[in-house]
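S.K.: Here you go, my_file.txt (compact mmCIF, C-alpha atoms and all ligand atoms):
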```txt
# COMPACT_ATOMS: atom_id res chain seq x y z
CA MET A 22 54.83 -16.03 -1.11
CA LYS A 23 53.39 -17.76 -4.16
CA ARG A 24 52.09 -20.57 -1.94
CA PHE A 25 50.49 -17.99 0.39
CA PHE A 26 48.63 -16.48 -2.55
CA THR A 27 47.48 -19.91 -3.77
CA VAL A 28 46.14 -20.75 -0.30
CA PHE A 29 44.56 -17.28 0.01
CA LEU A 30 42.96 -17.56 -3.43
CA THR A 31 41.63 -21.06 -2.70
CA ALA A 32 40.17 -19.86 0.60
CA ALA A 33 38.57 -16.83 -1.10
CA LEU A 34 37.10 -19.01 -3.85
CA LEU A 35 35.75 -21.50 -1.32
CA THR A 36 34.13 -18.68 0.65
CA ALA A 37 32.64 -17.31 -2.55
CA LEU A 38 31.34 -20.77 -3.51
CA LEU A 39 29.88 -21.29 -0.05
CA LEU A 40 28.19 -17.91 -0.16
CA THR A 41 26.83 -18.60 -3.64
CA GLY A 42 25.65 -22.02 -2.47
CA CYS A 43 23.82 -20.39 0.42
CA THR A 44 21.89 -17.80 -1.56
CA SER A 45 19.15 -20.23 -2.63
CA THR A 46 18.29 -21.05 0.99
CA ALA A 47 19.42 -18.09 3.12
CA PRO A 48 17.62 -14.90 2.12
CA GLN A 49 19.02 -11.39 2.22
CA GLU A 50 17.02 -9.33 4.70
CA ALA A 51 16.75 -5.62 5.45
CA GLU A 52 14.54 -3.18 7.31
CA PHE A 53 14.32 0.52 6.58
CA PHE A 54 12.05 3.52 7.09
CA ALA A 55 10.46 5.17 4.05
CA MET A 56 7.11 6.69 3.02
CA ASP A 57 6.49 7.41 6.71
CA THR A 58 6.45 3.74 7.71
CA LEU A 59 8.68 0.79 8.59
CA MET A 60 9.43 -1.46 5.62
CA SER A 61 11.11 -4.84 5.33
CA VAL A 62 12.37 -6.96 2.48
CA LYS A 63 13.55 -10.55 2.24
CA LEU A 64 14.86 -11.93 -1.02
CA TRP A 65 16.34 -15.14 -2.34
CA GLY A 66 18.63 -15.55 -5.32
CA GLU A 67 21.27 -13.48 -7.00
CA GLY A 68 21.02 -10.51 -9.32
CA ALA A 69 19.61 -8.02 -6.83
CA SER A 70 20.18 -6.84 -3.31
CA THR A 71 17.91 -5.38 -0.65
CA SER A 72 19.45 -1.97 -1.34
CA ASP A 73 18.01 -2.11 -4.88
CA VAL A 74 14.59 -2.22 -3.21
CA SER A 75 15.21 0.64 -0.77
CA ALA A 76 16.74 2.74 -3.57
CA GLU A 77 13.67 2.20 -5.76
CA ILE A 78 11.33 3.15 -2.91
CA ASN A 79 13.37 6.26 -2.09
CA ARG A 80 13.33 7.22 -5.77
CA LEU A 81 9.53 6.93 -5.91
CA GLU A 82 9.03 8.73 -2.59
CA ALA A 83 11.06 11.66 -3.92
CA LEU A 84 8.58 11.92 -6.82
CA LEU A 85 5.28 11.09 -5.16
CA SER A 86 5.38 12.43 -1.59
CA ALA A 87 2.70 15.04 -0.86
CA THR A 88 4.68 16.35 2.12
CA ARG A 89 8.15 16.83 0.61
CA GLU A 90 8.32 20.28 -0.92
CA THR A 91 10.71 19.13 -3.66
CA SER A 92 8.60 16.22 -4.94
CA VAL A 93 6.94 16.41 -8.36
CA LEU A 94 3.57 16.02 -6.61
CA SER A 95 4.17 18.89 -4.16
CA GLN A 96 5.35 21.12 -6.98
CA LEU A 97 2.20 20.30 -8.93
CA ASN A 98 0.06 21.06 -5.87
CA ALA A 99 1.86 24.39 -5.36
CA ALA A 100 1.83 25.53 -9.01
CA GLY A 101 -1.55 24.08 -10.04
CA SER A 102 -0.13 22.54 -13.19
CA ALA A 103 2.81 20.39 -14.33
CA GLU A 104 4.16 18.19 -17.08
CA LEU A 105 4.20 14.58 -15.87
CA SER A 106 6.02 11.59 -17.28
CA GLY A 107 7.14 8.11 -16.25
CA ASP A 108 6.02 7.01 -12.79
CA THR A 109 4.11 10.17 -11.85
CA ALA A 110 2.07 10.09 -15.07
CA SER A 111 1.48 6.36 -14.75
CA LEU A 112 0.35 6.53 -11.12
CA LEU A 113 -1.96 9.51 -11.68
CA THR A 114 -3.52 7.67 -14.65
CA GLN A 115 -4.12 4.61 -12.47
CA ALA A 116 -5.46 6.66 -9.55
CA LEU A 117 -7.94 8.52 -11.78
CA SER A 118 -9.13 5.39 -13.55
CA LEU A 119 -9.59 3.56 -10.23
CA SER A 120 -11.56 6.51 -8.91
CA GLU A 121 -13.78 6.41 -11.99
CA ARG A 122 -14.27 2.65 -11.72
CA ILE A 123 -15.20 2.89 -8.05
CA GLY A 124 -17.38 5.97 -8.28
CA GLY A 125 -15.75 8.28 -5.76
CA ALA A 126 -14.90 6.24 -2.62
CA PHE A 127 -11.27 6.40 -3.75
CA ASP A 128 -10.39 9.96 -4.65
CA PRO A 129 -6.84 11.31 -5.20
CA THR A 130 -8.08 14.90 -4.65
CA VAL A 131 -8.72 14.43 -0.90
CA TYR A 132 -5.51 16.25 0.08
CA PRO A 133 -7.13 19.54 1.23
CA LEU A 134 -9.31 17.47 3.61
CA VAL A 135 -6.41 15.27 4.77
CA GLU A 136 -4.46 18.44 5.57
CA ALA A 137 -7.39 20.10 7.36
CA TRP A 138 -7.52 17.11 9.74
CA GLY A 139 -3.78 17.58 10.33
CA PHE A 140 -2.66 14.13 9.20
CA PRO A 141 0.44 15.16 7.15
CA SER A 142 1.76 17.55 9.84
CA LYS A 143 0.57 15.34 12.74
CA GLU A 144 -0.91 18.52 14.23
CA TYR A 145 -4.34 16.97 14.49
CA ARG A 146 -7.55 19.00 14.66
CA VAL A 147 -11.28 18.58 13.95
CA PRO A 148 -12.37 20.98 11.16
CA ASP A 149 -15.88 22.43 11.51
CA GLN A 150 -18.64 21.87 8.94
CA THR A 151 -18.16 25.30 7.29
CA GLU A 152 -14.50 24.54 6.68
CA LEU A 153 -15.31 21.02 5.38
CA ASP A 154 -17.99 22.38 3.03
CA SER A 155 -15.59 24.91 1.57
CA LEU A 156 -12.86 22.26 1.07
CA LEU A 157 -15.31 19.74 -0.40
CA SER A 158 -15.97 22.16 -3.25
CA CYS A 159 -12.35 21.53 -4.41
CA VAL A 160 -12.56 17.71 -4.03
CA GLY A 161 -13.48 15.46 -6.94
CA THR A 162 -11.67 14.18 -10.02
CA ALA A 163 -13.67 16.61 -12.23
CA HIS A 164 -11.24 19.25 -10.88
CA VAL A 165 -8.25 17.42 -12.46
CA HIS A 166 -7.53 17.99 -16.14
CA PHE A 167 -4.98 15.47 -17.36
CA ASP A 168 -4.18 14.47 -20.93
CA GLY A 169 -1.57 11.86 -20.03
CA SER A 170 1.26 14.38 -19.75
CA THR A 171 -0.02 17.88 -18.90
CA VAL A 172 -2.05 18.13 -15.73
CA THR A 173 -3.92 21.20 -14.50
CA LEU A 174 -5.79 21.46 -11.21
CA ASP A 175 -8.71 23.79 -10.54
CA ALA A 176 -8.05 26.47 -7.91
CA GLY A 177 -7.83 24.93 -4.42
CA THR A 178 -7.59 21.33 -5.67
CA ARG A 179 -4.57 19.33 -4.54
CA LEU A 180 -3.57 15.72 -5.06
CA ASP A 181 -2.70 12.99 -2.55
CA LEU A 182 -1.49 9.65 -3.85
CA GLY A 183 -0.96 8.26 -0.32
CA GLY A 184 -3.82 5.78 -0.73
CA ILE A 185 -2.08 4.03 -3.62
CA ALA A 186 1.64 5.01 -3.62
CA LYS A 187 2.95 2.20 -1.39
CA GLY A 188 1.18 -0.36 -3.58
CA TYR A 189 2.71 1.24 -6.66
CA ALA A 190 6.14 1.14 -4.97
CA ALA A 191 5.69 -2.55 -4.07
CA GLN A 192 4.61 -3.36 -7.63
CA SER A 193 7.59 -1.44 -9.11
CA CYS A 194 10.00 -3.27 -6.79
CA ALA A 195 8.43 -6.63 -7.67
CA GLU A 196 8.92 -5.91 -11.36
CA LEU A 197 12.48 -4.71 -10.79
CA LEU A 198 13.39 -7.83 -8.80
CA LYS A 199 11.86 -10.14 -11.42
CA GLU A 200 13.81 -8.35 -14.19
CA LYS A 201 16.99 -8.83 -12.17
CA GLY A 202 16.31 -12.56 -11.94
CA VAL A 203 15.41 -12.80 -8.24
CA GLU A 204 13.96 -16.22 -7.47
CA ALA A 205 11.65 -15.27 -4.62
CA ALA A 206 10.99 -12.28 -2.38
CA ILE A 207 8.60 -10.82 0.16
CA LEU A 208 8.20 -7.08 0.59
CA SER A 209 6.35 -5.61 3.52
CA LEU A 210 5.78 -1.88 3.13
CA GLY A 211 3.74 -0.92 6.21
CA GLY A 212 0.45 -2.77 5.63
CA ASN A 213 1.31 -3.62 2.02
CA VAL A 214 2.74 -7.10 1.46
CA GLN A 215 3.85 -8.36 -1.92
CA THR A 216 5.40 -11.75 -2.68
CA ILE A 217 7.37 -12.78 -5.75
CA GLY A 218 7.56 -16.44 -6.74
CA SER A 219 7.56 -19.36 -4.30
CA LYS A 220 9.84 -19.84 -1.31
CA PRO A 221 12.88 -21.88 -2.33
CA ASP A 222 12.47 -24.29 0.62
CA GLY A 223 8.99 -25.25 -0.61
CA SER A 224 7.17 -23.84 2.43
CA ALA A 225 4.22 -21.48 1.97
CA TRP A 226 4.10 -17.73 2.43
CA VAL A 227 2.19 -16.88 5.61
CA VAL A 228 0.96 -13.32 6.05
CA GLY A 229 -0.90 -12.17 9.16
CA ILE A 230 -3.89 -9.83 9.17
CA ALA A 231 -3.32 -7.39 12.03
CA ASP A 232 -5.65 -7.45 15.00
CA PRO A 233 -7.12 -3.91 15.04
CA ALA A 234 -7.19 -4.05 18.87
CA ASP A 235 -3.47 -4.90 19.00
CA PRO A 236 -1.86 -4.46 15.57
CA SER A 237 1.34 -6.20 16.73
CA GLN A 238 -0.68 -9.45 16.82
CA ALA A 239 -2.35 -11.33 13.96
CA ILE A 240 -6.09 -11.95 14.14
CA ALA A 241 -5.97 -14.30 11.13
CA ARG A 242 -3.49 -15.77 8.64
CA LEU A 243 -3.36 -15.93 4.87
CA THR A 244 -1.32 -18.87 3.54
CA PHE A 245 -0.42 -19.22 -0.15
CA GLU A 246 2.41 -20.35 -2.38
CA ASP A 247 2.98 -17.85 -5.17
CA SER A 248 3.18 -14.19 -6.22
CA MET A 249 0.47 -12.02 -4.67
CA ALA A 250 -0.19 -8.50 -3.37
CA LEU A 251 -2.02 -8.26 -0.02
CA VAL A 252 -2.90 -4.80 1.25
CA THR A 253 -4.72 -3.87 4.44
CA SER A 254 -6.36 -0.52 5.14
CA GLY A 255 -7.55 -0.01 8.67
CA ALA A 256 -8.90 2.65 11.00
CA TYR A 257 -6.22 1.65 13.53
CA GLN A 258 -3.28 2.54 11.23
CA ARG A 259 -3.32 6.31 11.76
CA TYR A 260 -5.70 8.19 14.03
CA PHE A 261 -6.05 10.68 16.85
CA GLU A 262 -8.49 11.05 19.71
CA GLU A 263 -10.28 14.22 20.76
CA ASN A 264 -12.95 14.45 23.49
CA GLY A 265 -13.22 10.67 23.53
CA VAL A 266 -13.86 10.41 19.77
CA ILE A 267 -11.44 8.62 17.46
CA TYR A 268 -10.74 10.24 14.09
CA HIS A 269 -8.82 8.12 11.55
CA HIS A 270 -7.02 8.90 8.29
CA ILE A 271 -9.24 7.31 5.64
CA LEU A 272 -11.75 9.97 4.63
CA ASP A 273 -15.07 9.71 2.89
CA PRO A 274 -14.65 12.09 -0.08
CA GLN A 275 -18.42 12.76 -0.06
CA THR A 276 -18.55 14.09 3.52
CA GLY A 277 -14.94 15.00 4.32
CA LEU A 278 -15.24 12.96 7.54
CA PRO A 279 -13.32 9.82 8.53
CA ALA A 280 -15.17 6.98 6.76
CA GLY A 281 -17.65 5.45 9.18
CA SER A 282 -18.60 2.42 7.17
CA GLY A 283 -18.73 -0.10 10.00
CA LEU A 284 -15.37 -1.71 9.20
CA LEU A 285 -12.20 -2.01 11.26
CA SER A 286 -10.10 -3.11 8.29
CA VAL A 287 -10.17 -4.50 4.77
CA THR A 288 -7.47 -6.70 3.28
CA VAL A 289 -7.38 -6.94 -0.50
CA LEU A 290 -5.66 -9.79 -2.38
CA ALA A 291 -4.79 -9.11 -6.02
CA GLU A 292 -2.09 -9.77 -8.60
CA ASP A 293 -1.23 -6.09 -8.88
CA GLY A 294 0.06 -4.11 -5.88
CA THR A 295 -1.22 -0.71 -7.06
CA LEU A 296 -4.72 -2.06 -7.58
CA ALA A 297 -4.72 -3.86 -4.22
CA ASP A 298 -3.68 -0.65 -2.42
CA GLY A 299 -6.24 1.60 -4.10
CA LEU A 300 -8.99 -0.97 -3.57
CA SER A 301 -8.21 -1.50 0.12
CA THR A 302 -8.70 2.22 0.76
CA ALA A 303 -11.83 2.30 -1.42
CA LEU A 304 -13.47 -0.79 0.14
CA PHE A 305 -12.80 0.60 3.60
CA VAL A 306 -14.79 3.72 2.62
CA MET A 307 -17.53 1.69 0.88
CA GLY A 308 -18.16 -0.70 3.77
CA LEU A 309 -19.24 -4.33 3.68
CA GLU A 310 -22.47 -4.10 1.73
CA GLU A 311 -21.33 -1.78 -1.05
CA GLY A 312 -17.90 -3.46 -1.10
CA THR A 313 -19.51 -6.87 -1.57
CA ARG A 314 -21.62 -5.55 -4.43
CA PHE A 315 -18.52 -4.07 -6.06
CA TRP A 316 -16.62 -7.39 -5.62
CA ARG A 317 -19.47 -9.32 -7.27
CA ASN A 318 -19.13 -7.07 -10.32
CA SER A 319 -15.33 -7.46 -10.47
CA ASN A 320 -12.98 -10.33 -11.19
CA ASP A 321 -9.55 -8.96 -10.34
CA PHE A 322 -9.43 -9.09 -6.52
CA GLU A 323 -10.56 -10.89 -3.37
CA ALA A 324 -11.05 -9.40 0.09
CA VAL A 325 -11.26 -10.06 3.83
CA PHE A 326 -13.44 -7.67 5.83
CA LEU A 327 -13.20 -7.12 9.62
CA THR A 328 -16.35 -5.47 10.92
CA SER A 329 -16.79 -3.24 13.97
CA GLU A 330 -18.88 -6.04 15.54
CA GLY A 331 -15.82 -8.29 15.41
CA LYS A 332 -16.93 -10.44 12.48
CA ILE A 333 -14.55 -11.65 9.77
CA LEU A 334 -15.94 -12.16 6.26
CA ALA A 335 -13.94 -13.48 3.32
CA THR A 336 -14.91 -13.45 -0.34
CA GLU A 337 -15.14 -16.88 -1.97
CA GLY A 338 -11.68 -16.60 -3.56
CA ALA A 339 -9.95 -15.37 -0.37
CA ALA A 340 -11.49 -17.99 1.96
CA PRO A 341 -9.22 -20.91 0.87
CA PHE A 342 -6.16 -18.90 2.02
CA LEU A 343 -7.62 -17.88 5.38
CA SER A 344 -7.00 -19.68 8.70
CA GLY A 345 -6.56 -19.06 12.41
CA CYS A 346 -9.98 -17.45 12.89
CA GLU A 347 -13.71 -18.00 12.56
CA TYR A 348 -15.14 -16.44 9.44
CA SER A 349 -18.10 -16.40 7.04
CA VAL A 350 -17.75 -16.73 3.30
CA ILE A 351 -19.20 -14.15 0.93
CA GLU A 352 -20.48 -16.01 -2.11
CA ARG A 353 -20.67 -14.74 -5.67
P1 LIG A 401 -1.99 3.56 4.56
O1 LIG A 401 -1.37 4.45 3.53
O2 LIG A 401 -2.05 4.12 5.93
O3 LIG A 401 -1.46 2.18 4.53
P2 LIG A 401 -4.28 3.58 2.82
O4 LIG A 401 -3.63 2.89 1.68
O5 LIG A 401 -5.69 3.18 3.09
O6 LIG A 401 -3.52 3.40 4.17
O7 LIG A 401 -4.20 5.12 2.49
C1 LIG A 401 -4.64 6.10 3.35
C2 LIG A 401 -4.11 7.43 2.86
O8 LIG A 401 -4.73 7.75 1.61
C3 LIG A 401 -4.45 8.59 3.78
O9 LIG A 401 -3.40 8.82 4.68
C4 LIG A 401 -4.63 9.74 2.82
O10 LIG A 401 -3.37 10.29 2.48
C5 LIG A 401 -5.20 9.09 1.58
N1 LIG A 401 -6.67 8.98 1.59
C6 LIG A 401 -7.53 9.10 2.63
N2 LIG A 401 -8.80 8.89 2.23
C7 LIG A 401 -8.75 8.63 0.90
C8 LIG A 401 -9.73 8.33 -0.09
N3 LIG A 401 -11.01 8.23 0.21
N4 LIG A 401 -9.28 8.12 -1.35
C9 LIG A 401 -7.98 8.22 -1.67
N5 LIG A 401 -7.00 8.48 -0.79
C10 LIG A 401 -7.38 8.69 0.48
MG MG A 402 -4.57 1.99 0.04
```
What is this file in structure tokens?
Ligand code: ADP
Ligand code: MG

M.R.:
Amino acid sequence: MKRFFTVFLTAALLTALLLTGCTSTAPQEAEFFAMDTLMSVKLWGEGASTSDVSAEINRLEALLSATRETSVLSQLNAAGSAELSGDTASLLTQALSLSERIGGAFDPTVYPLVEAWGFPSKEYRVPDQTELDSLLSCVGTAHVHFDGSTVTLDAGTRLDLGGIAKGYAAQSCAELLKEKGVEAAILSLGGNVQTIGSKPDGSAWVVGIADPADPSQAIARLTFEDSMALVTSGAYQRYFEENGVIYHHILDPQTGLPAGSGLLSVTVLAEDGTLADGLSTALFVMGLEEGTRFWRNSNDFEAVFLTSEGKILATEGAAPFLSGCEYSVIER
């Protein structure tokens, strides 16, 4: 009996050693559905598991979702005021400051418009100009009164953090994994990719930019070695068609209409996931010319633009990572 236990223990230890030995090369992988999209995670090293990532995303979704009645955000939208703290306060602060920096192309008060077009319910419809005009009078960050903890919304104003929440979730997960001592990881949260560290086998990270005509295929590749957030916003990600016209989910807060800025998608590369997400939505609304001007006055992101004419343009700092396509470089 004693000998059986010794053999059993040795076998168990060996298995444990083998498994430990494997963790630096074989990643843990998982796929799950959250924030209304398919997500995947791959991580190397000990200290954390893929379920830490899904738990963190579920925790944030429960706070930030505009469609779940129980979320802090929905309760704020219903009551018109709330006390915020932690993640909700931090994300609203970032959303408002990004909106101010950009000058309106990114606006967290677009929710009444997003709802009028039927995107949250998926009961799509085209609102008429009278309805848009009346909703536009409640859109704009001047209708949000926030002192860092108490927030009050003017009558009719409602918040939507959908243009920035996945980036915030990716950034939170990246920080969590780093704290837990994870060596390397790649998170892919439906259009938002974030890498942590370098791949243990020394190979590069390769992230595809979706082909708007067939999003299951890559139209170009971004290849790099270290931590980075890469976020794509595109007209092809969520849309409906009525009478032969395509209406997509990124709205111009000035007109209330789907942004018609001549772009099919924008991919933003930045250190911070929240910033990359907010900027990808904003640059999509701004279009190539205004987006280029904004990039020239900034130093915290790079971008790849896909235009409706099928051209690919990369800012000077993004170009060295880009391959697999023909492109022009936007110089500083
Ligand atoms: P996705 O979330 O589909 O990956 P985005 O990050 O570009 O794409 O976010 C689009 C979402 O952001 C929309 O579904 C809507 O909820 C919200 N939104 C739409 N237009 C704007 C805007 N101009 N500013 C801020 N948020 C927006
Ligand atoms: Mg975004």

S.K.: Hey, can you pull every residue with an atom no more than 9 Å from (-12.4, 15.1, -8.5), using all atoms listed in the file, and send it as a list of chain:residue names?

M.R.: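 Protein, DNA and RNA residues close to (-12.4, 15.1, -8.5): A:Leu117, A:Ser120, A:Gly125, A:Asp128, A:Pro129, A:Thr130, A:Val131, A:Cys159, A:Val160, A:Gly161, A:Thr162, A:Ala163, A:His164, A:Val165, A:Thr178.
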
S.K.: Just C-alpha atoms for this one: save the residues we selected as an mmCIF file, in the frame of the given file.

M.R.:
```cif
data_model
loop_
_atom_site.group_PDB
_atom_site.id
_atom_site.type_symbol
_atom_site.label_atom_id
_atom_site.label_comp_id
_atom_site.auth_asym_id
_atom_site.auth_seq_id
_atom_site.Cartn_x
_atom_site.Cartn_y
_atom_site.Cartn_z
ATOM 1 C CA LEU A 117 -7.940 8.520 -11.780
ATOM 2 C CA SER A 120 -11.560 6.510 -8.910
ATOM 3 C CA GLY A 125 -15.750 8.280 -5.760
ATOM 4 C CA ASP A 128 -10.390 9.960 -4.650
ATOM 5 C CA PRO A 129 -6.840 11.310 -5.200
ATOM 6 C CA THR A 130 -8.080 14.900 -4.650
ATOM 7 C CA VAL A 131 -8.720 14.430 -0.900
ATOM 8 C CA CYS A 159 -12.350 21.530 -4.410
ATOM 9 C CA VAL A 160 -12.560 17.710 -4.030
ATOM 10 C CA GLY A 161 -13.480 15.460 -6.940
ATOM 11 C CA THR A 162 -11.670 14.180 -10.020
ATOM 12 C CA ALA A 163 -13.670 16.610 -12.230
ATOM 13 C CA HIS A 164 -11.240 19.250 -10.880
ATOM 14 C CA VAL A 165 -8.250 17.420 -12.460
ATOM 15 C CA THR A 178 -7.590 21.330 -5.670
#
```

S.K.: Tell me, as a PyMOL selection string, which residues lie within 10 Å of A:Gly184, counting all atoms listed in the file; anything in the same chain fewer than 4 positions away does not count.

M.R.: chain A and resi 116+127-129+131+188-189+254+271+295+298-303

S.K.: Name the residues in contact with A:Tyr260 at a cut-off of 8 Å, using all atoms listed in the file, excluding same-chain residues fewer than 3 positions from it; report them as number ranges by chain.

M.R.: A: 256-257, 267-270

S.K.: Counting only C-alpha atoms, which residues sit no farther than 12 Å from the position (-8.1, -4.1, 17.8) in the file's frame? I'd like them as a list in words.

M.R.: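 Using only C-alpha atoms, the matching residues come out as Ile230, Ala231, Asp232, Pro233, Ala234, Asp235, Pro236, Ser237, Gln238, Ala239, Ile240, Gly255, Ala256, Tyr257, Gln258, Leu284, Leu285, Ser286, Leu327, Thr328, Ser329, Glu330 and Gly331 of chain A.
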
S.K.: Skip A:Asp149 itself and residues of its chain fewer than 3 positions away, then list as a count of residues only all residues within 12 Å of it, counting all atoms listed in the file.

M.R.: 12

S.K.: Write out as a compact mmCIF listing (two decimals) with C-alpha atoms, keeping the file's coordinate frame which residues come within 6 Å of A:Ala280 when counting only C-alpha atoms, dropping same-chain ones fewer than 4 positions away.

M.R.:
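The new file around12.txt reads:
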```txt
# COMPACT_ATOMS: atom_id res chain seq x y z
CA LEU A 272 -11.75 9.97 4.63
CA ASP A 273 -15.07 9.71 2.89
CA VAL A 306 -14.79 3.72 2.62
```

S.K.: Which is closer to ligand LIG 401 (chain A) than all the others in A:Ala176, A:Leu81, A:Leu197, A:Leu251, using all atoms listed in the file?

M.R.: A:Leu251

S.K.: Measuring atom to atom with all atoms listed in the file, identify which of A:Ile78, A:Cys194, A:Ala99, A:Ala87 is nearest to ligand LIG 401 (chain A).

M.R.: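 So, comparing all the options, the nearest one is A:Ala87.
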
S.K.: Separation of atom CA of A:Thr109 and atom CA of A:Ile185, in Å?

M.R.: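 About the pair atom CA of A:Thr109 and atom CA of A:Ile185: they are 12.0 Å apart.
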
S.K.: Taking only C-alpha atoms into account, name the residue in A:Ala291, A:Ala241, A:Leu304, A:Val228 that is nearest to A:Glu347.

M.R.: A:Ala241
